[in-house]
Amino acid sequence: MILGFDTSGPWLSAALADRAGRLQAHRTEGMARGQAEALFPFLETLMAGEGVGWKDLTALAVGTGPGNFTGLRIAVAAARGLALSLGVPAVGVSGFEALAAPLPLDDRPRRAGDEPASPAALVVSLPAPRGQAYVQATRGGAPEGEPLLIDPADPPEALGRPPGVRVLGHRAAEIARPFRADHETYDPSHMGARTALVAHRRLAAGEVPGRPRPLYVRPPDAAPGAGRPPRIVP
Amino acid sequence: MDRHSGRCYRRRVDFRNAPLTVLGIEASCDDTAAALVRHVPGAAPVILSNVVAGQDALHEGFGGVVPEIAARAHAEALDLTVEKALEGRGLRVVDAVAVTAGPGLIGGVVAGVMLAKGIAAGAGLPLVGVNHLAGHALTPRLTDGLSFPYLMLLVSGGHCQFLLVRGEGDHRRLGGTIDDAPGEAFDKTARLLGLPMPGGPAVEREAARGTPRIALPRPLLGREGCDLSFSGLKTAVLRARGDLAPDGALREGDRADLCASFQAAVTEVLAEKSRRALRAAGPVTAFAVAGGVAANGAIRAALEGVAAEAGTPFAAPPPPLCTDNGAMIAWAGIEALRQGRRDDLTLAARPRWPLDEAAAPMLGSGKRGAKA
């Protein structure tokens, strides 16, 4: 059983996926403050509902952002602590990967081969402070190049270059406008579920994950120390 | 036993009297630290391991610890540091997890608390949140087996206060700094004089080669009580530097003399205020010091002298246990568990958490309450 969770935005979102990659349960709650206090009881409630205990977990999946810096560290540190104590891998899944992956998330019964096709070129956008957006170009669900911090009203031209590109996520309509691209907003209520399912796919494909790391994109705010030291002479 | 609950324990342990091995985790400033401490009632506690990963190089050039840089480094290093402290023993030897829950830089405190919750939940171990200052304040019981009550001078880069330590969780603040901590003043002085970080050891090395011939103020020495102030001293160092180096070129010898003069001023103020604190404390078993600044040889010697004058035993933990470390958190956790205290998985990180909650706030006494 894989437990996935995400606190990269003002929410708690978590899900359980079984060995076959089927979603067992998922739950999301809006939460602007208090994620650190609420996360573990939230996870325990989700697990208890499915009769799952900590020792039943075979892997953890954690949303690495980008997003709220403290929120990213809350989830990543919790995942690392659980991985250490349970002796299971923790897989970091970026918000871009989570949203770009074509996943069967609605409740309608599916047949084999019924999964939505992976769009060739997709730009995924997530909210950033001060009216900006974190964006990542993807192809077939996989990231291409580095994530960027952009002004959604003035996206870099290169983003719109791939033929047939679509934009998905935060302020997608604005980002898509100069490229006349198709666009779609996103629903954060599936972040935990998407994180768990993407991690399942990667593990099933044989990936041996490294330790999850927050994807900050934005460098830390830090100004060099003021004032010049004196010249030291003998 | 309900296996779905993080509040169930693998073993039922009577924490008041049982032998205990506790994992301590600390990430409230710029050191990521973890340690294992074992205590068998009736015997001296044993530090089984004590691992500290510092961040000095990361903050070099920024003029102090940058909170977001510190938080990022903690998030990267915490689990690795715990693994090192376990030394391949596995969590089977651990009876409980103790973690600094404040006060401090919130990013690191949150990362430490969440890591500790993950470990406690996954291993089915009890969790206890520790006040960072209590960790320092209780260290002399770990290292020297002191009995309550004792007087503690906690003197570091972030803190400076006199505490009458009467029991676990029972501290009375007799006085403290009204502005900067002395460690901060050492760092600022080092920067003003072009010395490397961390400033404390750099200034101490220079001071050892100099003569305290430059007149610097002794802040609040004339004021009654045990309160201290260090921000003016930094300004005085800047002014003295201007006098010594009007053209921006400071002679090495003058720099050493200025360091010696600065260190003498800090030492004299700390010594005199310690004398007063000892008088105000009443009968105590010892005068103990902790915190990074207590690792300064000249200051330590002066404080030892004050204790000797008063006929009070002096206790100063070895320098690695004076600065931030995981062993003090593990030990404070043991003391808390012995009193029957523990936390559940909703444990909150507190950027502000005064040790003496009854005392009037001295620092950061805004809407959100006292910092320390």
# chains A, B, ... in the order shown; residues from 1 in each chain; ligands from 1

call {"tool": "interface_residues", "arguments": {"of": "chain B", "to": "chain A", "cutoff": "7 Å", "atoms": "only C-alpha atoms", "output": "short mmCIF file (atom, residue, chain, number, x, y, z; two decimals) with all heavy atoms, in the first residue's frame"}}
result
data_model
loop_
_atom_site.label_atom_id
_atom_site.label_comp_id
_atom_site.auth_asym_id
_atom_site.auth_seq_id
_atom_site.Cartn_x
_atom_site.Cartn_y
_atom_site.Cartn_z
N ARG B 3 -3.64 -0.93 16.15
CA ARG B 3 -2.45 -0.72 15.33
C ARG B 3 -2.58 0.47 14.39
O ARG B 3 -1.63 0.85 13.72
CB ARG B 3 -2.13 -1.99 14.54
CG ARG B 3 -3.16 -2.33 13.48
CD ARG B 3 -3.03 -3.81 13.15
NE ARG B 3 -2.45 -4.02 11.84
CZ ARG B 3 -3.15 -4.01 10.70
NH1 ARG B 3 -4.43 -3.76 10.72
NH2 ARG B 3 -2.57 -4.25 9.57
N HIS B 4 -3.75 1.07 14.30
CA HIS B 4 -3.91 2.21 13.40
C HIS B 4 -3.57 3.52 14.07
O HIS B 4 -3.56 4.56 13.44
CB HIS B 4 -5.34 2.27 12.88
CG HIS B 4 -5.78 0.98 12.30
ND1 HIS B 4 -5.05 0.36 11.31
CD2 HIS B 4 -6.81 0.18 12.58
CE1 HIS B 4 -5.65 -0.77 11.00
NE2 HIS B 4 -6.71 -0.90 11.76
N SER B 5 -3.35 3.48 15.34
CA SER B 5 -3.14 4.75 16.04
C SER B 5 -1.67 5.01 16.27
O SER B 5 -0.92 4.14 16.65
CB SER B 5 -3.87 4.70 17.39
OG SER B 5 -3.39 5.75 18.20
N GLY B 61 28.96 35.39 4.44
CA GLY B 61 28.74 36.47 3.48
C GLY B 61 27.37 37.11 3.59
O GLY B 61 27.11 38.12 2.95
N PHE B 62 26.49 36.55 4.41
CA PHE B 62 25.16 37.13 4.55
C PHE B 62 25.03 37.95 5.82
O PHE B 62 23.98 38.53 6.07
CB PHE B 62 24.08 36.06 4.52
CG PHE B 62 23.87 35.49 3.15
CD1 PHE B 62 24.26 34.21 2.85
CD2 PHE B 62 23.29 36.26 2.15
CE1 PHE B 62 24.08 33.68 1.57
CE2 PHE B 62 23.11 35.75 0.88
CZ PHE B 62 23.50 34.45 0.59
N GLY B 63 26.06 37.97 6.65
CA GLY B 63 25.96 38.76 7.87
C GLY B 63 24.99 38.17 8.86
O GLY B 63 24.18 38.88 9.43
N VAL B 66 20.65 33.14 7.75
CA VAL B 66 19.50 33.47 6.91
C VAL B 66 18.44 32.39 7.12
O VAL B 66 18.68 31.22 6.83
CB VAL B 66 19.90 33.54 5.43
CG1 VAL B 66 18.70 33.93 4.57
CG2 VAL B 66 21.05 34.51 5.23
N GLU B 68 15.69 31.23 5.72
CA GLU B 68 15.26 30.31 4.66
C GLU B 68 16.41 29.38 4.24
O GLU B 68 16.20 28.20 3.96
CB GLU B 68 14.71 31.09 3.46
CG GLU B 68 14.25 30.25 2.27
CD GLU B 68 13.15 29.22 2.58
OE1 GLU B 68 12.42 29.39 3.57
OE2 GLU B 68 13.05 28.24 1.82
N ILE B 69 17.64 29.90 4.24
CA ILE B 69 18.79 29.04 3.92
C ILE B 69 18.93 27.97 5.00
O ILE B 69 19.15 26.78 4.71
CB ILE B 69 20.08 29.88 3.80
CG1 ILE B 69 20.02 30.77 2.56
CG2 ILE B 69 21.31 28.97 3.75
CD1 ILE B 69 21.22 31.69 2.36
N ALA B 75 16.11 20.68 6.31
CA ALA B 75 15.23 19.73 5.64
C ALA B 75 16.04 18.67 4.88
O ALA B 75 15.63 17.53 4.77
CB ALA B 75 14.27 20.45 4.68
N ASP B 79 17.22 13.81 8.41
CA ASP B 79 17.12 12.34 8.52
C ASP B 79 18.51 11.69 8.45
O ASP B 79 18.78 10.70 9.12
CB ASP B 79 16.15 11.77 7.48
CG ASP B 79 16.50 12.15 6.06
OD1 ASP B 79 17.20 13.15 5.86
OD2 ASP B 79 16.06 11.44 5.13
N GLY B 107 11.24 27.67 10.41
CA GLY B 107 11.40 26.71 9.31
C GLY B 107 12.11 25.45 9.75
O GLY B 107 11.68 24.33 9.45
N VAL B 110 9.98 23.46 12.45
CA VAL B 110 8.90 22.68 11.83
C VAL B 110 9.46 21.42 11.18
O VAL B 110 8.91 20.33 11.34
CB VAL B 110 8.15 23.53 10.77
CG1 VAL B 110 7.26 22.65 9.90
CG2 VAL B 110 7.30 24.60 11.45
N ALA B 111 10.57 21.56 10.45
CA ALA B 111 11.15 20.39 9.78
C ALA B 111 11.54 19.33 10.81
O ALA B 111 11.28 18.14 10.63
CB ALA B 111 12.35 20.81 8.93
N MET B 114 8.37 17.68 12.30
CA MET B 114 7.70 16.76 11.36
C MET B 114 8.51 15.48 11.18
O MET B 114 7.96 14.39 11.07
CB MET B 114 7.44 17.44 10.01
CG MET B 114 6.47 18.61 10.06
SD MET B 114 4.93 18.29 10.97
CE MET B 114 4.08 17.17 9.86
N LEU B 115 9.84 15.62 11.13
CA LEU B 115 10.67 14.41 11.03
C LEU B 115 10.46 13.53 12.27
O LEU B 115 10.29 12.31 12.17
CB LEU B 115 12.15 14.78 10.91
CG LEU B 115 13.02 13.53 10.71
CD1 LEU B 115 13.23 13.25 9.23
CD2 LEU B 115 14.34 13.62 11.44
N ALA B 116 10.44 14.18 13.44
CA ALA B 116 10.26 13.43 14.69
C ALA B 116 8.90 12.73 14.72
O ALA B 116 8.79 11.58 15.15
CB ALA B 116 10.40 14.38 15.88
N LYS B 117 7.87 13.42 14.23
CA LYS B 117 6.54 12.80 14.19
C LYS B 117 6.54 11.59 13.27
O LYS B 117 5.94 10.56 13.59
CB LYS B 117 5.49 13.81 13.70
CG LYS B 117 5.14 14.89 14.70
CD LYS B 117 4.07 15.80 14.10
CE LYS B 117 3.79 16.98 14.99
NZ LYS B 117 2.75 17.86 14.41
N GLY B 118 7.21 11.72 12.12
CA GLY B 118 7.28 10.60 11.18
C GLY B 118 7.97 9.40 11.82
O GLY B 118 7.53 8.26 11.67
N ILE B 119 9.06 9.67 12.54
CA ILE B 119 9.78 8.58 13.19
C ILE B 119 8.92 7.96 14.29
O ILE B 119 8.79 6.73 14.39
CB ILE B 119 11.13 9.09 13.77
CG1 ILE B 119 12.06 9.52 12.62
CG2 ILE B 119 11.79 8.03 14.64
CD1 ILE B 119 13.32 10.21 13.07
N GLY B 122 5.84 5.99 12.72
CA GLY B 122 6.22 4.76 12.03
C GLY B 122 6.75 3.69 12.98
O GLY B 122 6.54 2.51 12.77
N ALA B 123 7.45 4.13 14.02
CA ALA B 123 8.05 3.16 14.95
C ALA B 123 7.16 2.91 16.16
O ALA B 123 7.51 2.12 17.03
CB ALA B 123 9.43 3.66 15.39
N ARG B 191 32.36 40.79 12.02
CA ARG B 191 32.08 41.32 10.68
C ARG B 191 32.63 42.72 10.50
O ARG B 191 33.21 43.04 9.47
CB ARG B 191 30.58 41.32 10.42
CG ARG B 191 30.07 40.02 9.84
CD ARG B 191 28.69 40.17 9.24
NE ARG B 191 27.71 40.62 10.21
CZ ARG B 191 27.14 39.81 11.11
NH1 ARG B 191 27.44 38.53 11.12
NH2 ARG B 191 26.26 40.27 11.96
N LEU B 192 32.45 43.55 11.54
CA LEU B 192 32.95 44.92 11.46
C LEU B 192 34.47 44.93 11.29
O LEU B 192 35.04 45.88 10.75
CB LEU B 192 32.59 45.69 12.73
CG LEU B 192 31.13 46.09 12.89
CD1 LEU B 192 30.90 46.70 14.28
CD2 LEU B 192 30.74 47.10 11.81
N LEU B 193 35.14 43.89 11.80
CA LEU B 193 36.60 43.88 11.78
C LEU B 193 37.15 42.91 10.73
O LEU B 193 38.34 42.58 10.73
CB LEU B 193 37.12 43.51 13.18
CG LEU B 193 36.66 44.46 14.31
CD1 LEU B 193 37.25 44.05 15.64
CD2 LEU B 193 37.03 45.91 13.98
N GLY B 194 36.29 42.47 9.84
CA GLY B 194 36.75 41.62 8.73
C GLY B 194 37.23 40.25 9.17
O GLY B 194 38.10 39.66 8.53
N GLY B 248 40.19 53.75 6.46
CA GLY B 248 39.67 52.44 6.07
C GLY B 248 40.71 51.33 6.19
O GLY B 248 40.40 50.18 5.92
N ALA B 249 41.94 51.66 6.58
CA ALA B 249 42.97 50.63 6.75
C ALA B 249 43.21 50.41 8.24
O ALA B 249 43.64 51.31 8.96
CB ALA B 249 44.28 51.06 6.07
N LEU B 250 42.91 49.21 8.71
CA LEU B 250 43.01 48.90 10.13
C LEU B 250 44.26 48.04 10.36
O LEU B 250 44.42 47.00 9.71
CB LEU B 250 41.75 48.15 10.58
CG LEU B 250 41.65 47.76 12.06
CD1 LEU B 250 41.58 48.99 12.95
CD2 LEU B 250 40.43 46.88 12.29
N ARG B 251 45.12 48.49 11.29
CA ARG B 251 46.33 47.71 11.58
C ARG B 251 45.95 46.43 12.33
O ARG B 251 45.06 46.44 13.18
CB ARG B 251 47.31 48.54 12.41
CG ARG B 251 48.02 49.63 11.59
CD ARG B 251 49.02 50.42 12.43
NE ARG B 251 49.92 49.55 13.19
CZ ARG B 251 49.92 49.44 14.52
NH1 ARG B 251 49.04 50.13 15.24
NH2 ARG B 251 50.77 48.64 15.13
N GLU B 252 46.67 45.36 12.00
CA GLU B 252 46.39 44.07 12.64
C GLU B 252 46.44 44.17 14.16
O GLU B 252 45.60 43.60 14.86
CB GLU B 252 47.41 43.02 12.18
CG GLU B 252 46.90 42.13 11.08
CD GLU B 252 47.94 41.10 10.65
OE1 GLU B 252 48.62 40.55 11.54
OE2 GLU B 252 48.07 40.89 9.43
N LEU B 345 0.74 13.45 18.21
CA LEU B 345 1.22 13.81 16.87
C LEU B 345 0.68 15.17 16.39
O LEU B 345 0.95 15.58 15.28
CB LEU B 345 0.86 12.70 15.88
CG LEU B 345 1.59 11.38 16.14
CD1 LEU B 345 1.09 10.29 15.18
CD2 LEU B 345 3.10 11.54 15.99
N THR B 346 -0.08 15.85 17.26
CA THR B 346 -0.48 17.22 16.90
C THR B 346 0.51 18.25 17.45
O THR B 346 0.29 19.46 17.31
CB THR B 346 -1.88 17.58 17.48
OG1 THR B 346 -1.79 17.55 18.91
CG2 THR B 346 -2.94 16.59 17.02
N LEU B 347 1.61 17.79 18.05
CA LEU B 347 2.63 18.69 18.61
C LEU B 347 2.91 19.87 17.66
O LEU B 347 3.19 19.67 16.48
CB LEU B 347 3.93 17.90 18.84
CG LEU B 347 5.15 18.72 19.26
CD1 LEU B 347 4.96 19.34 20.63
CD2 LEU B 347 6.41 17.83 19.26
N ALA B 348 2.83 21.09 18.19
CA ALA B 348 3.02 22.29 17.38
C ALA B 348 4.44 22.82 17.53
O ALA B 348 5.04 22.73 18.60
CB ALA B 348 2.02 23.36 17.79
#

call {"tool": "select_by_dssp", "arguments": {"residues": "stretch 27-193 of chain A", "states": "strand (DSSP E or B)", "output": "CSV table (one decimal) with N, CA, C and O atoms, in the first residue's frame"}}
result
chain,number,residue,atom,x,y,z
A,27,ARG,N,-8.6,12.0,0.2
A,27,ARG,CA,-9.3,13.0,1.0
A,27,ARG,C,-8.5,14.3,0.9
A,27,ARG,O,-7.2,14.3,0.9
A,28,THR,N,-9.2,15.4,0.8
A,28,THR,CA,-8.5,16.7,0.7
A,28,THR,C,-9.3,17.7,1.6
A,28,THR,O,-10.6,17.6,1.5
A,29,GLU,N,-8.6,18.5,2.3
A,29,GLU,CA,-9.3,19.5,3.2
A,29,GLU,C,-8.5,20.8,3.0
A,29,GLU,O,-7.3,20.8,3.0
A,30,GLY,N,-9.3,21.9,2.8
A,30,GLY,CA,-8.7,23.2,2.7
A,30,GLY,C,-8.0,23.6,4.0
A,30,GLY,O,-8.7,23.3,5.1
A,59,ALA,N,5.4,2.0,0.6
A,59,ALA,CA,6.1,3.1,0.1
A,59,ALA,C,5.3,4.4,0.5
A,59,ALA,O,4.1,4.3,0.8
A,60,LEU,N,6.1,5.5,0.5
A,60,LEU,CA,5.4,6.8,0.7
A,60,LEU,C,5.6,7.6,-0.6
A,60,LEU,O,6.6,7.5,-1.3
A,61,ALA,N,4.6,8.5,-0.8
A,61,ALA,CA,4.7,9.4,-2.0
A,61,ALA,C,4.5,10.8,-1.4
A,61,ALA,O,3.5,11.0,-0.6
A,62,VAL,N,5.3,11.7,-1.8
A,62,VAL,CA,5.1,13.1,-1.2
A,62,VAL,C,5.2,14.1,-2.2
A,62,VAL,O,6.1,14.1,-3.1
A,63,GLY,N,4.3,15.1,-2.2
A,63,GLY,CA,4.3,16.2,-3.1
A,63,GLY,C,5.5,17.2,-2.7
A,63,GLY,O,5.6,17.6,-1.6
A,90,ALA,N,10.6,6.6,0.1
A,90,ALA,CA,9.8,7.7,0.0
A,90,ALA,C,10.1,8.3,-1.4
A,90,ALA,O,11.2,8.6,-1.8
A,91,VAL,N,9.0,8.5,-2.2
A,91,VAL,CA,9.1,9.0,-3.6
A,91,VAL,C,8.7,10.5,-3.6
A,91,VAL,O,7.5,10.8,-3.2
A,92,GLY,N,9.5,11.4,-4.0
A,92,GLY,CA,9.1,12.8,-4.2
A,92,GLY,C,8.5,13.0,-5.6
A,92,GLY,O,9.0,12.5,-6.6
A,93,VAL,N,7.3,13.6,-5.6
A,93,VAL,CA,6.6,13.8,-6.9
A,93,VAL,C,6.3,15.3,-7.0
A,93,VAL,O,5.7,15.9,-6.1
A,121,ALA,N,2.4,17.9,-25.7
A,121,ALA,CA,3.1,19.0,-25.1
A,121,ALA,C,2.2,19.7,-24.1
A,121,ALA,O,1.1,20.1,-24.5
A,122,LEU,N,2.6,19.8,-22.9
A,122,LEU,CA,1.7,20.4,-21.9
A,122,LEU,C,2.5,21.3,-21.0
A,122,LEU,O,3.6,20.9,-20.5
A,123,VAL,N,2.1,22.6,-20.8
A,123,VAL,CA,2.7,23.5,-19.9
A,123,VAL,C,1.9,23.4,-18.6
A,123,VAL,O,0.7,23.6,-18.6
A,124,VAL,N,2.5,23.1,-17.4
A,124,VAL,CA,1.8,23.0,-16.2
A,124,VAL,C,2.2,24.2,-15.3
A,124,VAL,O,3.4,24.6,-15.3
A,125,SER,N,1.2,24.8,-14.7
A,125,SER,CA,1.4,26.1,-14.0
A,125,SER,C,0.9,25.9,-12.6
A,125,SER,O,-0.2,25.4,-12.4
A,126,LEU,N,1.7,26.4,-11.6
A,126,LEU,CA,1.2,26.4,-10.2
A,126,LEU,C,1.4,27.8,-9.6
A,126,LEU,O,2.3,28.6,-10.1
A,127,PRO,N,0.6,28.1,-8.6
A,127,PRO,CA,0.7,29.5,-8.0
A,127,PRO,C,2.0,29.8,-7.3
A,127,PRO,O,2.5,28.9,-6.6
A,133,ALA,N,3.8,32.8,-11.3
A,133,ALA,CA,3.4,31.4,-11.5
A,133,ALA,C,4.7,30.6,-11.7
A,133,ALA,O,5.7,31.0,-12.3
A,134,TYR,N,4.7,29.4,-11.1
A,134,TYR,CA,5.8,28.4,-11.4
A,134,TYR,C,5.3,27.6,-12.6
A,134,TYR,O,4.2,27.1,-12.6
A,135,VAL,N,6.1,27.5,-13.7
A,135,VAL,CA,5.6,26.7,-14.8
A,135,VAL,C,6.7,25.7,-15.2
A,135,VAL,O,7.9,25.9,-15.0
A,136,GLN,N,6.2,24.6,-15.8
A,136,GLN,CA,7.1,23.6,-16.3
A,136,GLN,C,6.6,23.0,-17.6
A,136,GLN,O,5.4,22.7,-17.7
A,137,ALA,N,7.4,23.0,-18.6
A,137,ALA,CA,7.0,22.4,-19.9
A,137,ALA,C,7.2,20.9,-19.7
A,137,ALA,O,8.1,20.4,-19.1
A,138,THR,N,6.2,20.1,-20.2
A,138,THR,CA,6.3,18.6,-20.1
A,138,THR,C,5.9,18.1,-21.5
A,138,THR,O,5.3,18.7,-22.3
A,139,ARG,N,6.4,16.8,-21.7
A,139,ARG,CA,6.0,16.1,-22.9
A,139,ARG,C,5.7,14.7,-22.5
A,139,ARG,O,6.5,14.0,-21.8
A,142,ALA,N,6.3,13.9,-18.8
A,142,ALA,CA,7.6,14.0,-18.2
A,142,ALA,C,8.1,15.4,-18.4
A,142,ALA,O,7.9,16.1,-19.4
A,143,PRO,N,8.8,16.0,-17.3
A,143,PRO,CA,9.3,17.4,-17.4
A,143,PRO,C,10.3,17.5,-18.6
A,143,PRO,O,11.1,16.6,-18.8
A,144,GLU,N,10.3,18.7,-19.2
A,144,GLU,CA,11.3,19.0,-20.2
A,144,GLU,C,11.9,20.3,-19.8
A,144,GLU,O,11.3,21.3,-19.8
A,145,GLY,N,13.2,20.3,-19.6
A,145,GLY,CA,13.9,21.5,-19.2
A,145,GLY,C,13.6,21.9,-17.7
A,145,GLY,O,13.0,21.1,-17.0
A,146,GLU,N,14.0,23.1,-17.3
A,146,GLU,CA,13.9,23.5,-15.9
A,146,GLU,C,12.6,24.2,-15.7
A,146,GLU,O,12.0,24.8,-16.6
A,147,PRO,N,12.1,24.1,-14.4
A,147,PRO,CA,10.9,24.9,-14.1
A,147,PRO,C,11.2,26.4,-14.1
A,147,PRO,O,12.4,26.7,-13.8
A,148,LEU,N,10.2,27.2,-14.3
A,148,LEU,CA,10.5,28.7,-14.4
A,148,LEU,C,9.5,29.4,-13.5
A,148,LEU,O,8.4,28.9,-13.2
A,149,LEU,N,10.0,30.6,-13.0
A,149,LEU,CA,9.1,31.5,-12.3
A,149,LEU,C,8.7,32.6,-13.3
A,149,LEU,O,9.6,33.3,-13.8
A,150,ILE,N,7.4,32.7,-13.6
A,150,ILE,CA,7.1,33.7,-14.7
A,150,ILE,C,5.9,34.6,-14.2
A,150,ILE,O,5.2,34.3,-13.2
A,166,ARG,N,-0.7,22.6,-24.8
A,166,ARG,CA,-1.8,23.0,-24.0
A,166,ARG,C,-1.3,23.6,-22.7
A,166,ARG,O,-0.1,23.2,-22.3
A,167,VAL,N,-2.0,24.4,-22.0
A,167,VAL,CA,-1.6,24.9,-20.7
A,167,VAL,C,-2.6,24.4,-19.6
A,167,VAL,O,-3.8,24.5,-19.8
A,168,LEU,N,-2.1,23.9,-18.5
A,168,LEU,CA,-2.9,23.4,-17.4
A,168,LEU,C,-2.5,23.9,-16.1
A,168,LEU,O,-1.3,23.9,-15.8
A,169,GLY,N,-3.4,24.5,-15.3
A,169,GLY,CA,-3.1,24.9,-14.0
A,169,GLY,C,-3.5,26.3,-13.7
A,169,GLY,O,-4.4,26.9,-14.2
A,182,ASP,N,-4.9,25.8,-26.1
A,182,ASP,CA,-5.9,25.3,-25.2
A,182,ASP,C,-5.5,25.4,-23.8
A,182,ASP,O,-4.3,25.3,-23.5
A,183,HIS,N,-6.5,25.6,-22.9
A,183,HIS,CA,-6.1,25.7,-21.5
A,183,HIS,C,-7.1,25.1,-20.6
A,183,HIS,O,-8.3,24.9,-21.0
A,184,GLU,N,-6.7,24.8,-19.4
A,184,GLU,CA,-7.6,24.1,-18.4
A,184,GLU,C,-7.1,24.4,-17.0
A,184,GLU,O,-5.9,24.4,-16.7

call {"tool": "select_by_dssp", "arguments": {"residues": "stretch 125-182 of chain A", "states": "helix (DSSP H, G or I)", "output": "NGL selection string"}}
result
:A and (157-160 or 172-179)

call {"tool": "residues_around", "arguments": {"residues": "B:Lys234", "least_positions_apart": "5", "cutoff": "7 Å", "atoms": "only C-alpha atoms", "output": "PyMOL selection string"}}
result
chain B and resi 185+188-189

call {"tool": "write_last_selection", "arguments": {"atoms": "C-alpha atoms", "output": "CSV table (one decimal), in the first residue's frame"}}
result
chain,number,residue,atom,x,y,z
B,185,ALA,CA,27.6,41.0,19.4
B,188,LYS,CA,28.7,41.7,14.5
B,189,THR,CA,32.1,42.7,15.9

call {"tool": "atom_distance", "arguments": {"atom1": "atom CA of B:Asn50", "atom2": "atom CA of B:Val93"}}
result
15.5 Å

call {"tool": "residues_around", "arguments": {"residues": "B:Arg173", "least_positions_apart": "6", "cutoff": "12 Å", "atoms": "only C-alpha atoms", "output": "list in words"}}
result
Leu133, Ala137, Leu151, Met152, Leu153, Leu154, Cys160, Gln161, Phe162, Leu163, Leu164, Val165, Arg166, Gly225, Cys226, Asp227, Ala277, Ala280, Ala281, Pro354, Leu355, Asp356, Glu357, Ala358, Ala359, Ala360, Pro361, Met362 and Ala372 of chain B

call {"tool": "atom_distance", "arguments": {"atom1": "atom CA of B:Ala295", "atom2": "atom CA of B:Lys84"}}
result
25.0 Å

call {"tool": "residues_around", "arguments": {"residues": "stretch 201-208 of chain A", "least_positions_apart": "5", "cutoff": "12 Å", "atoms": "only C-alpha atoms", "output": "mmCIF file with C-alpha atoms, in the first residue's frame"}}
result
data_model
loop_
_atom_site.group_PDB
_atom_site.id
_atom_site.type_symbol
_atom_site.label_atom_id
_atom_site.label_comp_id
_atom_site.auth_asym_id
_atom_site.auth_seq_id
_atom_site.Cartn_x
_atom_site.Cartn_y
_atom_site.Cartn_z
ATOM 1 C CA ILE A 2 1.323 3.460 -0.934
ATOM 2 C CA ALA A 17 -3.093 3.361 -3.572
ATOM 3 C CA ASP A 18 -2.829 -0.409 -3.565
ATOM 4 C CA ARG A 19 -0.147 -2.633 -5.095
ATOM 5 C CA ALA A 20 -1.914 -2.616 -8.453
ATOM 6 C CA GLY A 21 -1.977 1.171 -8.515
ATOM 7 C CA ARG A 22 -5.673 1.422 -7.763
ATOM 8 C CA THR A 58 5.229 -0.359 1.266
ATOM 9 C CA ALA A 59 6.127 3.142 0.086
ATOM 10 C CA LEU A 60 5.415 6.801 0.692
ATOM 11 C CA ALA A 61 4.710 9.394 -1.953
ATOM 12 C CA VAL A 88 10.343 1.852 3.034
ATOM 13 C CA PRO A 89 11.151 4.201 0.142
ATOM 14 C CA ALA A 90 9.765 7.741 -0.046
ATOM 15 C CA VAL A 91 9.140 9.022 -3.555
ATOM 16 C CA GLY A 92 9.128 12.768 -4.213
ATOM 17 C CA VAL A 93 6.595 13.802 -6.868
ATOM 18 C CA GLU A 97 4.437 15.705 -12.595
ATOM 19 C CA ALA A 98 1.327 15.118 -10.523
ATOM 20 C CA ALA A 101 0.262 12.640 -15.558
ATOM 21 C CA PRO A 102 -2.858 11.334 -17.279
ATOM 22 C CA LEU A 103 -4.581 9.514 -14.434
ATOM 23 C CA GLY A 141 3.869 13.614 -18.717
ATOM 24 C CA ALA A 142 7.649 14.009 -18.240
ATOM 25 C CA ARG A 194 -2.113 12.131 -8.120
ATOM 26 C CA THR A 195 1.043 12.052 -6.012
ATOM 27 C CA ALA A 196 0.343 8.465 -4.885
#

call {"tool": "atom_distance", "arguments": {"atom1": "atom CA of B:Gly42", "atom2": "atom CA of B:Glu335"}}
result
13.5 Å

call {"tool": "residues_around", "arguments": {"residues": "B:Ala73", "least_positions_apart": "2", "cutoff": "10 Å", "atoms": "only C-alpha atoms", "output": "VMD selection string"}}
result
chain B and resid 27 30 to 32 53 to 55 58 67 to 71 75 to 78 108

call {"tool": "write_last_selection", "arguments": {"atoms": "C-alpha atoms", "output": "tab-separated table (two decimals), in the first residue's frame"}}
result
chain	number	residue	atom	x	y	z
B	27	ALA	CA	17.05	22.11	14.28
B	30	ASP	CA	21.88	26.75	12.22
B	31	ASP	CA	22.93	23.33	13.53
B	32	THR	CA	21.18	20.13	12.53
B	53	ALA	CA	25.94	19.09	11.16
B	54	GLY	CA	26.70	22.82	11.09
B	55	GLN	CA	25.84	25.33	8.37
B	58	LEU	CA	26.10	28.35	3.90
B	67	PRO	CA	16.27	31.74	8.04
B	68	GLU	CA	15.26	30.31	4.66
B	69	ILE	CA	18.79	29.04	3.92
B	70	ALA	CA	18.87	27.41	7.37
B	71	ALA	CA	15.44	25.81	6.90
B	75	ALA	CA	15.23	19.73	5.64
B	76	GLU	CA	18.08	18.12	3.67
B	77	ALA	CA	20.20	17.04	6.62
B	78	LEU	CA	17.77	16.00	9.37
B	108	GLY	CA	13.95	24.45	10.96

call {"tool": "residues_around", "arguments": {"residues": "A:Gly160", "least_positions_apart": "2", "cutoff": "10 Å", "atoms": "only C-alpha atoms", "output": "VMD selection string"}}
result
chain A and resid 121 to 123 137 155 to 158 162 to 167 175 to 181

call {"tool": "closest_residue", "arguments": {"among": "A:Pro66, A:Leu215, A:Ala172, A:Ala153", "to": "A:Tyr186", "atoms": "only C-alpha atoms"}}
result
A:Ala172
